[in-house]
Amino acid sequence: MGPDPGNDARELPLTKISENSDPVPITYSRAVDRVKTTGWAQLDFFTSGAGSKTAARVDARVAAGAQVLPTAGDVFNALELTQPDQVRAVILGQDPYPTPGDAHGLAFSMANPERRLPASLRTIFTSLEADLGIMQPAHGNLTRWARSGILLLNVTLSVEAGKANSHKDFGWATLAGDIMAHLNERAAPIVFMLWGNFAQRAGAGIDTSRHCVIETAHPSPLARGSGPQHRFVTARPFTQAQDWLLLHGLPPIDWRL
């Protein structure tokens, strides 16, 4: 077992303190401004104003009474925890979990330790154990992966409670496209793990002469099979990643949680 991820997990504030000490809620628009201070600030999504427009649409839904997930304080966790020059692998998801308390800005990760793990995450952990012999953790928080250079990116970064894929047309896909294009130009090799048709379409332009692209079924039960017989598990995506890194003289990834 790896170290307790609770020691690594960082809780981003839901409020900030203004000069007059009154708490000011962090909006999705302010969250965009915060990312502009990170290594991802050079992306067109942020420099062109597209990010501000997308965030304004999300803020408008909140103002209209919608419960948007994850919170504005967590929505860019993937980018804030994993900077561009730290990326060793990319796992691409579709959109956040639509159940309140689950999503916290990292694809497939679940923040609430008291809730039952989502089916896709259970399949991922089944694969880890069958593939690399890593014991399945009792929690679903993948923050340790993010801190070790695994970019856990959703193509759509927000969703409304109980309404999966409800923000797919809000402009988030532009950000995902910018990130994939930027990482594709990196000289250092990256492992792109594209799980399911949606992720595979988003990663169609990756240069396989420099980077590793691993395409498998999505870990969702809808991809047919369950437990060790699931197509995602039998594809052994984690062993594929380790074998490619070793073949290219690169250190393997520590997938323990």
# chains A, B, ... in the order shown; residues from 1 in each chain; ligands from 1
>>> select_by_dssp(residues="region 3-243 of chain A", states="helix (DSSP H, G or I)", output="PyMOL selection string")
chain A and resi 5-7+28-35+44-47+50-63+77-81+84-86+119-132+143-147+172-184+197-202+221-223+227-229+231-234+237-243
>>> select_by_dssp(residues="region 5-253 of chain A", states="strand (DSSP E)", output="ChimeraX atom specification")
/A:15-17,23-25,68-69,89-93,150-154,159-160,191-195,212-216
>>> write_last_selection(atoms="N, CA and C atoms", output="PDB file, in the first residue's frame")
ATOM      1  N   THR A  15     -14.164  29.978  -0.309  1.00  0.00           N
ATOM      2  CA  THR A  15     -14.277  31.420  -0.168  1.00  0.00           C
ATOM      3  C   THR A  15     -12.892  32.012  -0.039  1.00  0.00           C
ATOM      4  N   LYS A  16     -12.804  33.299  -0.301  1.00  0.00           N
ATOM      5  CA  LYS A  16     -11.558  33.998  -0.025  1.00  0.00           C
ATOM      6  C   LYS A  16     -11.902  35.215   0.815  1.00  0.00           C
ATOM      7  N   ILE A  17     -10.907  35.745   1.473  1.00  0.00           N
ATOM      8  CA  ILE A  17     -11.141  36.873   2.361  1.00  0.00           C
ATOM      9  C   ILE A  17     -10.761  38.160   1.653  1.00  0.00           C
ATOM     10  N   PRO A  23     -16.104  37.398   3.871  1.00  0.00           N
ATOM     11  CA  PRO A  23     -15.884  36.278   2.949  1.00  0.00           C
ATOM     12  C   PRO A  23     -16.530  36.553   1.596  1.00  0.00           C
ATOM     13  N   VAL A  24     -15.786  36.345   0.518  1.00  0.00           N
ATOM     14  CA  VAL A  24     -16.281  36.561  -0.835  1.00  0.00           C
ATOM     15  C   VAL A  24     -16.322  35.212  -1.542  1.00  0.00           C
ATOM     16  N   PRO A  25     -17.495  34.711  -1.929  1.00  0.00           N
ATOM     17  CA  PRO A  25     -17.566  33.406  -2.584  1.00  0.00           C
ATOM     18  C   PRO A  25     -16.731  33.360  -3.856  1.00  0.00           C
ATOM     19  N   VAL A  68     -24.314  23.251  -9.350  1.00  0.00           N
ATOM     20  CA  VAL A  68     -23.254  22.894 -10.283  1.00  0.00           C
ATOM     21  C   VAL A  68     -22.143  22.167  -9.532  1.00  0.00           C
ATOM     22  N   LEU A  69     -21.638  21.112 -10.156  1.00  0.00           N
ATOM     23  CA  LEU A  69     -20.572  20.285  -9.583  1.00  0.00           C
ATOM     24  C   LEU A  69     -19.388  20.218 -10.549  1.00  0.00           C
ATOM     25  N   ALA A  89       1.565  11.336 -17.540  1.00  0.00           N
ATOM     26  CA  ALA A  89       0.479  10.561 -18.132  1.00  0.00           C
ATOM     27  C   ALA A  89      -0.791  11.400 -18.100  1.00  0.00           C
ATOM     28  N   VAL A  90      -1.688  11.107 -19.025  1.00  0.00           N
ATOM     29  CA  VAL A  90      -2.992  11.771 -19.085  1.00  0.00           C
ATOM     30  C   VAL A  90      -4.071  10.704 -19.075  1.00  0.00           C
ATOM     31  N   ILE A  91      -5.018  10.848 -18.168  1.00  0.00           N
ATOM     32  CA  ILE A  91      -6.225  10.015 -18.184  1.00  0.00           C
ATOM     33  C   ILE A  91      -7.380  10.950 -18.481  1.00  0.00           C
ATOM     34  N   LEU A  92      -8.083  10.668 -19.552  1.00  0.00           N
ATOM     35  CA  LEU A  92      -9.115  11.584 -20.041  1.00  0.00           C
ATOM     36  C   LEU A  92     -10.505  11.033 -19.760  1.00  0.00           C
ATOM     37  N   GLY A  93     -11.296  11.805 -19.014  1.00  0.00           N
ATOM     38  CA  GLY A  93     -12.675  11.439 -18.737  1.00  0.00           C
ATOM     39  C   GLY A  93     -13.644  12.319 -19.510  1.00  0.00           C
ATOM     40  N   ILE A 150       0.107  12.656 -13.042  1.00  0.00           N
ATOM     41  CA  ILE A 150      -0.951  12.073 -13.863  1.00  0.00           C
ATOM     42  C   ILE A 150      -2.067  13.109 -13.986  1.00  0.00           C
ATOM     43  N   LEU A 151      -2.253  13.649 -15.174  1.00  0.00           N
ATOM     44  CA  LEU A 151      -3.281  14.663 -15.397  1.00  0.00           C
ATOM     45  C   LEU A 151      -4.628  13.966 -15.537  1.00  0.00           C
ATOM     46  N   LEU A 152      -5.489  14.175 -14.547  1.00  0.00           N
ATOM     47  CA  LEU A 152      -6.810  13.536 -14.518  1.00  0.00           C
ATOM     48  C   LEU A 152      -7.823  14.538 -15.051  1.00  0.00           C
ATOM     49  N   LEU A 153      -7.954  14.568 -16.370  1.00  0.00           N
ATOM     50  CA  LEU A 153      -8.691  15.627 -17.048  1.00  0.00           C
ATOM     51  C   LEU A 153     -10.046  15.154 -17.571  1.00  0.00           C
ATOM     52  N   ASN A 154     -11.083  15.903 -17.272  1.00  0.00           N
ATOM     53  CA  ASN A 154     -12.371  15.702 -17.923  1.00  0.00           C
ATOM     54  C   ASN A 154     -12.477  16.652 -19.113  1.00  0.00           C
ATOM     55  N   VAL A 159     -20.890  20.134 -14.323  1.00  0.00           N
ATOM     56  CA  VAL A 159     -22.121  19.408 -14.604  1.00  0.00           C
ATOM     57  C   VAL A 159     -23.156  19.841 -13.571  1.00  0.00           C
ATOM     58  N   GLU A 160     -24.427  19.688 -13.886  1.00  0.00           N
ATOM     59  CA  GLU A 160     -25.457  19.996 -12.910  1.00  0.00           C
ATOM     60  C   GLU A 160     -25.892  18.725 -12.194  1.00  0.00           C
ATOM     61  N   VAL A 191       2.353   9.362 -21.613  1.00  0.00           N
ATOM     62  CA  VAL A 191       1.431   8.249 -21.808  1.00  0.00           C
ATOM     63  C   VAL A 191       0.009   8.799 -21.800  1.00  0.00           C
ATOM     64  N   PHE A 192      -0.687   8.665 -22.917  1.00  0.00           N
ATOM     65  CA  PHE A 192      -2.075   9.101 -23.019  1.00  0.00           C
ATOM     66  C   PHE A 192      -2.971   7.870 -22.912  1.00  0.00           C
ATOM     67  N   MET A 193      -3.761   7.809 -21.847  1.00  0.00           N
ATOM     68  CA  MET A 193      -4.646   6.675 -21.625  1.00  0.00           C
ATOM     69  C   MET A 193      -6.062   7.104 -21.990  1.00  0.00           C
ATOM     70  N   LEU A 194      -6.517   6.626 -23.122  1.00  0.00           N
ATOM     71  CA  LEU A 194      -7.797   7.067 -23.687  1.00  0.00           C
ATOM     72  C   LEU A 194      -8.813   5.948 -23.495  1.00  0.00           C
ATOM     73  N   TRP A 195      -9.697   6.147 -22.539  1.00  0.00           N
ATOM     74  CA  TRP A 195     -10.634   5.114 -22.122  1.00  0.00           C
ATOM     75  C   TRP A 195     -12.015   5.403 -22.695  1.00  0.00           C
ATOM     76  N   CYS A 212       3.024   7.666 -26.074  1.00  0.00           N
ATOM     77  CA  CYS A 212       2.317   6.388 -25.973  1.00  0.00           C
ATOM     78  C   CYS A 212       0.819   6.644 -25.901  1.00  0.00           C
ATOM     79  N   VAL A 213       0.054   6.009 -26.756  1.00  0.00           N
ATOM     80  CA  VAL A 213      -1.403   6.113 -26.742  1.00  0.00           C
ATOM     81  C   VAL A 213      -1.985   4.735 -26.462  1.00  0.00           C
ATOM     82  N   ILE A 214      -2.701   4.630 -25.358  1.00  0.00           N
ATOM     83  CA  ILE A 214      -3.318   3.360 -24.958  1.00  0.00           C
ATOM     84  C   ILE A 214      -4.826   3.524 -25.036  1.00  0.00           C
ATOM     85  N   GLU A 215      -5.445   2.844 -25.955  1.00  0.00           N
ATOM     86  CA  GLU A 215      -6.895   2.936 -26.157  1.00  0.00           C
ATOM     87  C   GLU A 215      -7.551   1.661 -25.643  1.00  0.00           C
ATOM     88  N   THR A 216      -8.521   1.819 -24.751  1.00  0.00           N
ATOM     89  CA  THR A 216      -9.248   0.675 -24.210  1.00  0.00           C
ATOM     90  C   THR A 216     -10.727   1.018 -24.124  1.00  0.00           C
TER      91      THR A 216
END
>>> closest_residue(among="A:Asp102, A:Asp207, A:Glu129, A:Asp254", to="Trp145 (chain A)", atoms="only C-alpha atoms")
A:Asp254
>>> closest_residue(among="A:Pro98, A:Gly203, A:Pro219, A:Gly196", to="Leu183 (chain A)", atoms="only C-alpha atoms")
A:Gly203
>>> closest_residue(among="A:Val75, A:Ala41, A:Val62, A:Ala130", to="Ala103 (chain A)", atoms="only C-alpha atoms")
A:Val75
>>> atom_distance(atom1="CA of Leu81 (chain A)", atom2="CA of Val32 (chain A)")
14.7 Å
>>> closest_residue(among="A:Gly171, A:Pro251, A:Pro113, A:Pro137", to="Ala55 (chain A)", atoms="only C-alpha atoms")
A:Gly171
>>> residues_around(residues="Arg116 (chain A)", least_positions_apart="2", cutoff="12 Å", atoms="only C-alpha atoms", output="list of chain:residue names")
A:Thr99, A:Gly101, A:Asp102, A:Met110, A:Ala111, A:Asn112, A:Pro113, A:Glu114, A:Pro118, A:Ala119, A:Ser120, A:Leu121, A:Arg122, A:Ala138, A:His139, A:Gly140
